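Student: Input work.json, format and content: JSON, C-alpha atoms.
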```json
[["chain", "number", "residue", "atom", "x", "y", "z"],
["I", 12, "MET", "CA", 16.01, 28.47, 48.30],
["I", 13, "SER", "CA", 17.74, 25.42, 49.77],
["I", 14, "ASP", "CA", 17.10, 24.49, 53.41],
["I", 15, "PRO", "CA", 20.35, 24.62, 55.38],
["I", 16, "GLU", "CA", 19.17, 21.69, 57.48],
["I", 17, "ALA", "CA", 18.23, 19.49, 54.51],
["I", 18, "PRO", "CA", 20.51, 16.83, 53.02],
["I", 19, "PRO", "CA", 22.38, 17.73, 49.83],
["I", 20, "ASP", "CA", 20.14, 18.01, 46.80],
["I", 21, "GLN", "CA", 20.72, 17.82, 43.08],
["I", 22, "HIS", "CA", 21.81, 21.42, 42.41],
["I", 23, "ALA", "CA", 24.90, 23.31, 41.37],
["I", 24, "SER", "CA", 27.24, 24.07, 44.28],
["I", 25, "LEU", "CA", 29.92, 26.70, 44.75],
["I", 26, "SER", "CA", 33.53, 25.69, 44.90],
["I", 27, "ASP", "CA", 35.04, 25.74, 48.39],
["I", 28, "ALA", "CA", 36.98, 28.90, 47.58],
["I", 29, "GLU", "CA", 33.87, 30.65, 46.23],
["I", 30, "PHE", "CA", 31.87, 29.58, 49.26],
["I", 31, "LYS", "CA", 34.54, 30.88, 51.62],
["I", 32, "GLU", "CA", 34.49, 34.19, 49.78],
["I", 33, "GLN", "CA", 30.75, 34.39, 50.33],
["I", 34, "LEU", "CA", 31.26, 33.71, 54.02],
["I", 35, "VAL", "CA", 33.78, 36.53, 54.36],
["I", 36, "GLY", "CA", 31.42, 38.96, 52.69],
["I", 37, "ILE", "CA", 28.44, 38.17, 54.89],
["I", 38, "ILE", "CA", 30.21, 38.51, 58.26],
["I", 39, "PRO", "CA", 29.35, 42.20, 58.93],
["I", 40, "ALA", "CA", 25.65, 41.65, 58.23],
["I", 41, "LEU", "CA", 25.57, 38.58, 60.43],
["I", 42, "ARG", "CA", 27.24, 40.47, 63.25],
["I", 43, "VAL", "CA", 24.59, 43.19, 63.01],
["I", 44, "PHE", "CA", 21.78, 40.65, 63.21],
["I", 45, "ALA", "CA", 23.37, 38.68, 66.04],
["I", 46, "ARG", "CA", 24.18, 41.79, 68.04],
["I", 47, "GLY", "CA", 20.62, 42.96, 67.79],
["I", 48, "LEU", "CA", 19.24, 39.57, 68.74],
["I", 49, "CYS", "CA", 21.27, 39.04, 71.88],
["I", 50, "SER", "CA", 22.96, 42.36, 72.59],
["I", 51, "GLY", "CA", 26.12, 41.05, 74.23],
["I", 52, "ARG", "CA", 29.01, 41.49, 71.81],
["I", 53, "ALA", "CA", 30.89, 38.36, 72.87],
["I", 54, "ILE", "CA", 27.80, 36.17, 72.76],
["I", 55, "ALA", "CA", 26.82, 37.61, 69.39],
["I", 56, "ASP", "CA", 30.25, 37.04, 67.86],
["I", 57, "ASP", "CA", 30.37, 33.50, 69.22],
["I", 58, "MET", "CA", 27.01, 32.85, 67.63],
["I", 59, "VAL", "CA", 28.16, 34.21, 64.28],
["I", 60, "GLN", "CA", 31.28, 32.07, 64.35],
["I", 61, "ASP", "CA", 29.21, 28.99, 65.12],
["I", 62, "ALA", "CA", 26.91, 29.88, 62.23],
["I", 63, "LEU", "CA", 29.87, 30.21, 59.89],
["I", 64, "MET", "CA", 31.12, 26.77, 60.83],
["I", 65, "ARG", "CA", 27.66, 25.28, 60.46],
["I", 66, "ALA", "CA", 27.32, 26.91, 57.07],
["I", 67, "TRP", "CA", 30.67, 25.50, 56.01],
["I", 68, "ALA", "CA", 29.63, 22.04, 57.14],
["I", 69, "ALA", "CA", 26.39, 22.35, 55.17],
["I", 70, "ARG", "CA", 27.85, 24.10, 52.12],
["I", 71, "GLN", "CA", 26.82, 21.35, 49.72],
["I", 72, "SER", "CA", 23.18, 22.01, 50.56],
["I", 73, "TYR", "CA", 23.46, 25.62, 49.37],
["I", 74, "ALA", "CA", 22.25, 26.03, 45.78],
["I", 75, "ALA", "CA", 24.57, 28.29, 43.82],
["I", 76, "GLY", "CA", 22.77, 31.42, 42.65],
["I", 77, "SER", "CA", 20.12, 31.31, 45.36],
["I", 78, "ASN", "CA", 19.88, 33.93, 48.11],
["I", 79, "PHE", "CA", 23.02, 33.37, 50.16],
["I", 80, "ARG", "CA", 22.22, 36.12, 52.62],
["I", 81, "ALA", "CA", 18.84, 34.63, 53.46],
["I", 82, "TRP", "CA", 20.38, 31.15, 53.71],
["I", 83, "MET", "CA", 23.01, 32.37, 56.20],
["I", 84, "PHE", "CA", 20.49, 34.39, 58.20],
["I", 85, "MET", "CA", 18.32, 31.28, 58.51],
["I", 86, "ILE", "CA", 21.25, 29.35, 59.95],
["I", 87, "LEU", "CA", 22.02, 32.12, 62.43],
["I", 88, "ARG", "CA", 18.37, 32.52, 63.37],
["I", 89, "ASN", "CA", 17.89, 28.79, 63.94],
["I", 90, "GLN", "CA", 20.95, 28.74, 66.12],
["I", 91, "TYR", "CA", 19.76, 31.77, 68.09],
["I", 92, "TYR", "CA", 16.45, 30.16, 68.99],
["I", 93, "THR", "CA", 18.14, 26.89, 69.88],
["I", 94, "THR", "CA", 20.54, 28.71, 72.18],
["I", 95, "LEU", "CA", 17.76, 30.88, 73.57],
["I", 96, "ARG", "CA", 15.95, 27.82, 74.80],
["I", 97, "LYS", "CA", 19.07, 26.63, 76.56],
["I", 98, "ASN", "CA", 20.57, 29.83, 77.86],
["I", 99, "SER", "CA", 18.66, 32.54, 79.74],
["I", 100, "ARG", "CA", 21.70, 34.86, 79.46],
["I", 101, "MET", "CA", 20.79, 35.47, 75.86],
["I", 102, "VAL", "CA", 17.93, 37.75, 76.81],
["I", 103, "ALA", "CA", 19.81, 39.78, 79.43],
["I", 104, "TRP", "CA", 20.45, 43.43, 78.65],
["I", 105, "ASP", "CA", 24.19, 44.00, 78.46],
["I", 106, "PRO", "CA", 25.13, 47.44, 79.83],
["I", 107, "GLU", "CA", 28.71, 47.06, 78.62],
["I", 108, "ALA", "CA", 27.45, 46.56, 75.10],
["I", 109, "ALA", "CA", 25.29, 49.64, 75.46],
["I", 110, "GLU", "CA", 28.26, 51.77, 76.44],
["I", 111, "ARG", "CA", 30.03, 50.85, 73.23],
["I", 112, "ILE", "CA", 27.19, 52.14, 71.09],
["I", 113, "LEU", "CA", 27.73, 55.76, 70.07],
["I", 114, "ILE", "CA", 25.26, 58.36, 71.22],
["I", 115, "SER", "CA", 23.86, 60.81, 68.71],
["I", 116, "PRO", "CA", 25.09, 64.41, 69.18],
["I", 117, "PRO", "CA", 23.09, 66.57, 71.62],
["I", 118, "GLY", "CA", 20.57, 68.95, 70.17],
["I", 119, "GLN", "CA", 19.22, 66.55, 67.54],
["I", 120, "GLU", "CA", 16.03, 65.94, 69.43],
["I", 121, "SER", "CA", 14.25, 64.35, 66.50],
["I", 122, "ARG", "CA", 16.70, 61.42, 66.64],
["I", 123, "ILE", "CA", 16.54, 58.56, 69.08],
["I", 124, "ASP", "CA", 19.61, 57.61, 71.08],
["I", 125, "LEU", "CA", 21.09, 54.35, 69.88],
["I", 126, "ILE", "CA", 21.45, 53.21, 73.46],
["I", 127, "ASP", "CA", 17.71, 53.71, 73.98],
["I", 128, "VAL", "CA", 16.75, 51.70, 70.91],
["I", 129, "ALA", "CA", 19.32, 48.97, 71.60],
["I", 130, "ASN", "CA", 17.98, 48.67, 75.15],
["I", 131, "ALA", "CA", 14.39, 48.67, 74.00],
["I", 132, "LEU", "CA", 15.08, 45.95, 71.41],
["I", 133, "GLN", "CA", 15.96, 43.55, 74.19],
["I", 134, "HIS", "CA", 12.56, 44.09, 75.79],
["I", 135, "VAL", "CA", 10.34, 43.31, 72.82],
["I", 136, "SER", "CA", 9.47, 39.72, 71.97],
["I", 137, "PRO", "CA", 12.08, 37.71, 70.01],
["I", 138, "GLU", "CA", 9.64, 37.44, 67.11],
["I", 139, "GLN", "CA", 9.24, 41.21, 66.92],
["I", 140, "ARG", "CA", 12.94, 41.82, 67.54],
["I", 141, "GLU", "CA", 14.07, 39.70, 64.61],
["I", 142, "VAL", "CA", 11.65, 41.38, 62.21],
["I", 143, "LEU", "CA", 12.71, 44.84, 63.39],
["I", 144, "LEU", "CA", 16.30, 43.81, 62.72],
["I", 145, "LEU", "CA", 15.70, 42.13, 59.38],
["I", 146, "VAL", "CA", 13.42, 44.77, 57.86],
["I", 147, "GLY", "CA", 14.23, 47.85, 59.93],
["I", 148, "ALA", "CA", 17.97, 47.52, 60.47],
["I", 149, "ASN", "CA", 19.06, 45.29, 57.57],
["I", 150, "ALA", "CA", 16.61, 46.88, 55.10],
["I", 151, "MET", "CA", 15.38, 43.52, 53.84],
["I", 152, "SER", "CA", 12.16, 43.19, 51.92],
["I", 153, "TYR", "CA", 9.11, 41.68, 53.58],
["I", 154, "GLU", "CA", 9.46, 38.72, 51.24],
["I", 155, "GLU", "CA", 13.05, 38.01, 52.17],
["I", 156, "ALA", "CA", 12.30, 38.41, 55.87],
["I", 157, "ALA", "CA", 9.36, 36.02, 55.52],
["I", 158, "GLU", "CA", 11.63, 33.48, 53.87],
["I", 159, "ILE", "CA", 14.14, 33.68, 56.70],
["I", 160, "VAL", "CA", 11.57, 33.57, 59.47],
["I", 161, "GLY", "CA", 9.47, 30.93, 57.75],
["I", 162, "CYS", "CA", 6.15, 32.73, 57.88],
["I", 163, "ALA", "CA", 3.76, 34.67, 55.63],
["I", 164, "VAL", "CA", 4.51, 38.20, 54.46],
["I", 165, "GLY", "CA", 1.42, 39.38, 56.32],
["I", 166, "THR", "CA", 2.86, 38.00, 59.56],
["I", 167, "ILE", "CA", 6.07, 39.92, 58.97],
["I", 168, "LYS", "CA", 4.14, 43.14, 58.44],
["I", 169, "SER", "CA", 2.08, 42.54, 61.55],
["I", 170, "ARG", "CA", 5.09, 41.79, 63.74],
["I", 171, "LEU", "CA", 6.92, 44.79, 62.34],
["I", 172, "ALA", "CA", 4.04, 47.14, 63.10],
["I", 173, "ARG", "CA", 3.61, 45.79, 66.61],
["I", 174, "GLY", "CA", 7.36, 45.77, 67.17],
["I", 175, "ARG", "CA", 7.65, 49.41, 66.15],
["I", 176, "THR", "CA", 4.81, 50.36, 68.47],
["I", 177, "ALA", "CA", 6.37, 48.43, 71.33],
["I", 178, "LEU", "CA", 9.79, 49.91, 70.64],
["I", 179, "GLN", "CA", 8.41, 53.44, 70.60],
["I", 180, "ALA", "CA", 6.53, 52.90, 73.84],
["I", 181, "LEU", "CA", 9.60, 51.44, 75.53],
["I", 182, "ILE", "CA", 11.85, 54.24, 74.38],
["I", 183, "GLU", "CA", 9.47, 56.98, 75.45],
["I", 184, "GLY", "CA", 8.71, 55.23, 78.69],
["I", 185, "GLU", "CA", 12.33, 54.74, 79.75],
["I", 186, "PRO", "CA", 12.92, 57.35, 82.51],
["I", 187, "GLY", "CA", 16.49, 58.14, 81.52],
["I", 188, "SER", "CA", 15.98, 58.21, 77.78],
["I", 189, "ARG", "CA", 16.26, 61.38, 75.76],
["I", 190, "ALA", "CA", 12.98, 60.53, 74.04],
["I", 191, "ALA", "CA", 11.25, 60.44, 77.42],
["I", 192, "SER", "CA", 12.88, 63.73, 78.44],
["I", 193, "THR", "CA", 11.88, 65.39, 75.18],
["I", 194, "LYS", "CA", 8.34, 64.12, 75.49],
["I", 195, "ALA", "CA", 8.09, 65.33, 79.09],
["I", 196, "ARG", "CA", 9.43, 68.77, 78.19],
["I", 197, "ARG", "CA", 6.97, 69.14, 75.34],
["I", 198, "GLU", "CA", 4.11, 68.14, 77.60],
["I", 199, "ARG", "CA", 5.22, 70.76, 80.13],
["I", 200, "GLU", "CA", 5.43, 73.40, 77.40],
["I", 201, "GLU", "CA", 1.99, 72.51, 76.13],
["I", 202, "GLY", "CA", 0.71, 72.61, 79.66],
["I", 203, "ASN", "CA", 2.23, 76.07, 80.21],
["I", 204, "LYS", "CA", 0.62, 77.37, 77.02],
["I", 205, "SER", "CA", -2.80, 76.10, 77.98],
["I", 206, "ASP", "CA", -2.40, 77.62, 81.49],
["I", 207, "GLU", "CA", -1.39, 81.04, 80.18],
["I", 208, "PRO", "CA", -4.90, 82.51, 79.96],
["I", 209, "LEU", "CA", -5.54, 81.42, 83.55],
["I", 210, "ARG", "CA", -2.29, 83.01, 84.74],
["I", 211, "LYS", "CA", -3.09, 86.27, 82.97],
["I", 212, "ALA", "CA", -6.54, 86.32, 84.50],
["I", 213, "ALA", "CA", -4.98, 85.75, 87.92],
["I", 214, "GLY", "CA", -2.59, 88.66, 87.33],
["I", 215, "GLY", "CA", 0.44, 86.41, 87.21],
["T", 19, "MET", "CA", 21.70, 60.46, 40.96],
["T", 20, "VAL", "CA", 23.32, 58.80, 43.97],
["T", 21, "GLY", "CA", 23.52, 62.04, 45.94],
["T", 22, "GLN", "CA", 19.88, 62.88, 45.43],
["T", 23, "ASN", "CA", 18.76, 59.34, 46.27],
["T", 24, "ASP", "CA", 20.89, 59.38, 49.39],
["T", 25, "ASN", "CA", 19.39, 62.70, 50.48],
["T", 26, "LYS", "CA", 15.89, 61.40, 49.84],
["T", 27, "GLY", "CA", 16.65, 58.31, 51.88],
["T", 28, "LYS", "CA", 17.98, 60.39, 54.75],
["T", 29, "ALA", "CA", 14.95, 62.68, 54.65],
["T", 30, "LYS", "CA", 12.64, 59.69, 54.72],
["T", 31, "ARG", "CA", 14.43, 58.16, 57.68],
["T", 32, "ALA", "CA", 14.48, 61.47, 59.52],
["T", 33, "ALA", "CA", 10.69, 61.50, 59.32],
["T", 34, "ASP", "CA", 10.65, 58.04, 60.88],
["T", 35, "PRO", "CA", 12.81, 58.11, 64.02],
["T", 36, "ILE", "CA", 12.42, 54.39, 64.70],
["T", 37, "ALA", "CA", 13.53, 53.39, 61.21],
["T", 38, "ASP", "CA", 16.34, 55.91, 61.40],
["T", 39, "ALA", "CA", 17.53, 54.55, 64.74],
["T", 40, "LEU", "CA", 17.45, 50.95, 63.51],
["T", 41, "ARG", "CA", 19.45, 51.86, 60.42],
["T", 42, "ARG", "CA", 21.98, 53.76, 62.50],
["T", 43, "LEU", "CA", 22.27, 50.76, 64.80],
["T", 44, "HIS", "CA", 22.97, 48.66, 61.72],
["T", 45, "ASP", "CA", 25.51, 51.12, 60.34],
["T", 46, "GLU", "CA", 27.40, 51.38, 63.64],
["T", 47, "VAL", "CA", 27.92, 47.64, 63.96],
["T", 48, "ALA", "CA", 28.49, 47.03, 60.24],
["T", 49, "ALA", "CA", 31.25, 49.66, 60.27],
["T", 50, "GLU", "CA", 33.16, 47.89, 63.04],
["T", 51, "PRO", "CA", 36.30, 46.15, 61.89],
["T", 52, "VAL", "CA", 35.78, 42.40, 61.76],
["T", 53, "PRO", "CA", 37.69, 40.89, 64.70],
["T", 54, "GLN", "CA", 40.74, 38.82, 63.83],
["T", 55, "GLU", "CA", 39.17, 35.74, 65.41],
["T", 56, "PHE", "CA", 36.82, 35.50, 62.44],
["T", 57, "PHE", "CA", 39.69, 35.39, 59.98],
["T", 58, "ASP", "CA", 41.48, 32.89, 62.20],
["T", 59, "LEU", "CA", 38.38, 30.73, 61.99],
["T", 60, "LEU", "CA", 38.33, 31.00, 58.20],
["T", 61, "ASP", "CA", 42.04, 30.15, 58.15],
["T", 62, "GLN", "CA", 41.15, 26.94, 59.96],
["T", 63, "ILE", "CA", 38.81, 26.19, 57.08],
["T", 64, "ASP", "CA", 41.70, 26.78, 54.67],
["T", 65, "ALA", "CA", 43.87, 24.42, 56.65],
["T", 66, "ARG", "CA", 41.20, 21.76, 56.53],
["T", 67, "LEU", "CA", 40.86, 22.18, 52.78],
["T", 68, "GLY", "CA", 44.43, 21.04, 52.45],
["T", 69, "ALA", "CA", 44.02, 18.20, 54.90],
["T", 70, "GLN", "CA", 41.35, 15.61, 55.53],
["T", 71, "ASP", "CA", 38.19, 17.65, 56.21],
["T", 72, "PRO", "CA", 36.27, 16.16, 59.16],
["T", 73, "PHE", "CA", 33.30, 18.37, 58.27],
["T", 74, "GLY", "CA", 32.91, 16.69, 54.89],
["T", 75, "GLY", "CA", 30.79, 19.46, 53.41],
["T", 76, "GLY", "CA", 27.62, 17.48, 52.95],
["T", 77, "GLU", "CA", 26.66, 16.57, 56.48],
["T", 78, "ASP", "CA", 23.59, 17.86, 58.24],
["T", 79, "PRO", "CA", 24.85, 20.39, 60.78],
["T", 80, "ALA", "CA", 21.86, 19.76, 63.01]]
```
Could you show the structure in this file as structure tokens?

Tutor:
Amino acid sequence: MSDPEAPPDQHASLSDAEFKEQLVGIIPALRVFARGLCSGRAIADDMVQDALMRAWAARQSYAAGSNFRAWMFMILRNQYYTTLRKNSRMVAWDPEAAERILISPPGQESRIDLIDVANALQHVSPEQREVLLLVGANAMSYEEAAEIVGCAVGTIKSRLARGRTALQALIEGEPGSRAASTKARREREEGNKSDEPLRKAAGG
Amino acid sequence: MVGQNDNKGKAKRAADPIADALRRLHDEVAAEPVPQEFFDLLDQIDARLGAQDPFGGGEDPA
């Protein structure tokens, strides 16, 4: 796949109209990735728009027929890390963004609240966050994620496993989260069951 | 069949709450209407196609 940062190479290119059509089609997926990376909706959309313009400027370096999605995600990812180094606001948890995320209906205790997972995502490392988003949220293959991140497939798997563990721990450890409440209630119920013989013996 | 595959996928995600939550996070954002500002941006590209394009198309964006 062509490197977005590399000078134009000898390969077939899309026409400007075809390239623009590709850009339009990839916008929702880019917004998902950007929103997960930096949480704040305005910051995420700004980042996507910048990525679109960068992609347009580098369109001659894109090889027609190669993985456009991965190419665009690489541009967005590179931009994210560049901005992250410059702007500490990128890692701040945005409560307004959280309020816009729908909450799963009550009673479905096997499901995790989207607010809990969106919050927790902002507290794992950027390397784990991006893999969780690429593979977990965007359903990419390990190979495609490795291409975007620029690492080995084994590294992707490792970061994904650790990211999932970290995410689970954060969600269950968050005092206000439903997952924490469910876990606490189950522990109380298990504790009550194990205490029952003692209570019976005590006449209670 | 699509219906059966979809049900299998849902059952698999239900057994994995983290994967399910990440996919739902994806679906929520992906379902949002694309803000008009994105189309305005692409319209600017159209306008530049008809005029002299300062971006050139072959320059290194970095």

Student: When you look at Pro53 (chain T) with a cut-off of 12 Å (counting all atoms listed in the file), what residues show up, excluding the ones that are within fewer than 5 positions of it in the same chain? I need them as a list of chain:residue names.

Tutor: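 The filter keeps I:Val35, I:Ile38, I:Pro39, I:Arg42, I:Arg52, I:Ala53, I:Asp56, I:Asp57, I:Val59, I:Gln60, T:Val47, T:Ala48, T:Asp58, T:Leu59, T:Leu60.
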
Student: Would you put the residues from that selection into a file with C-alpha atoms, as a PDB file, in the frame of the given file?

Tutor:
```pdb
ATOM      1  CA  VAL I  35      33.780  36.530  54.360  1.00  0.00           C
ATOM      2  CA  ILE I  38      30.210  38.510  58.260  1.00  0.00           C
ATOM      3  CA  PRO I  39      29.350  42.200  58.930  1.00  0.00           C
ATOM      4  CA  ARG I  42      27.240  40.470  63.250  1.00  0.00           C
ATOM      5  CA  ARG I  52      29.010  41.490  71.810  1.00  0.00           C
ATOM      6  CA  ALA I  53      30.890  38.360  72.870  1.00  0.00           C
ATOM      7  CA  ASP I  56      30.250  37.040  67.860  1.00  0.00           C
ATOM      8  CA  ASP I  57      30.370  33.500  69.220  1.00  0.00           C
ATOM      9  CA  VAL I  59      28.160  34.210  64.280  1.00  0.00           C
ATOM     10  CA  GLN I  60      31.280  32.070  64.350  1.00  0.00           C
TER      11      GLN I  60
ATOM     12  CA  VAL T  47      27.920  47.640  63.960  1.00  0.00           C
ATOM     13  CA  ALA T  48      28.490  47.030  60.240  1.00  0.00           C
ATOM     14  CA  ASP T  58      41.480  32.890  62.200  1.00  0.00           C
ATOM     15  CA  LEU T  59      38.380  30.730  61.990  1.00  0.00           C
ATOM     16  CA  LEU T  60      38.330  31.000  58.200  1.00  0.00           C
TER      17      LEU T  60
END
```

Student: Would you mind reading off the distance between CA of Arg41 (chain T) and CA of Phe30 (chain I), one decimal, in Å?

Tutor: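 If I compute the distance from CA of Arg41 (chain T) to CA of Phe30 (chain I), I get 27.8 Å.
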
Student: Check every residue of chain I for an atom within 9 Å of chain T, counting all atoms listed in the file, and provide those that qualify as a ChimeraX atom specification.

Tutor: /I:15-19,27-28,31,34-35,38-44,46-47,56,59-60,63-72,112-113,121-125,128-129,143-144,147-150,175,178-179

Student: For Leu87 (chain I), which of I:Asp127, I:Glu141, I:Glu155, I:Glu183 is the closest residue, counting only C-alpha atoms?

Tutor: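 Selected residue with least distance to Leu87 (chain I): I:Glu141.
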
Student: Could you work out how far CA of Val160 (chain I) lies from CA of Gly36 (chain I), giving the answer in Å with one decimal?

Tutor: 21.7 Å

Student: Please, what distance in Å, to one decimal, runs between CA of Met85 (chain I) and CA of Ala156 (chain I)?

Tutor: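 Going from CA of Met85 (chain I) over to CA of Ala156 (chain I), I get 9.7 Å.
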
Student: Using all atoms listed in the file, which residues sit within 7 Å of Gly174 (chain I) once same-chain residues fewer than 6 positions away are excluded, as a list in words?

Tutor: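 Listed by chain and then number, they are Val135, Gln139, Arg140 and Leu143 of chain I.
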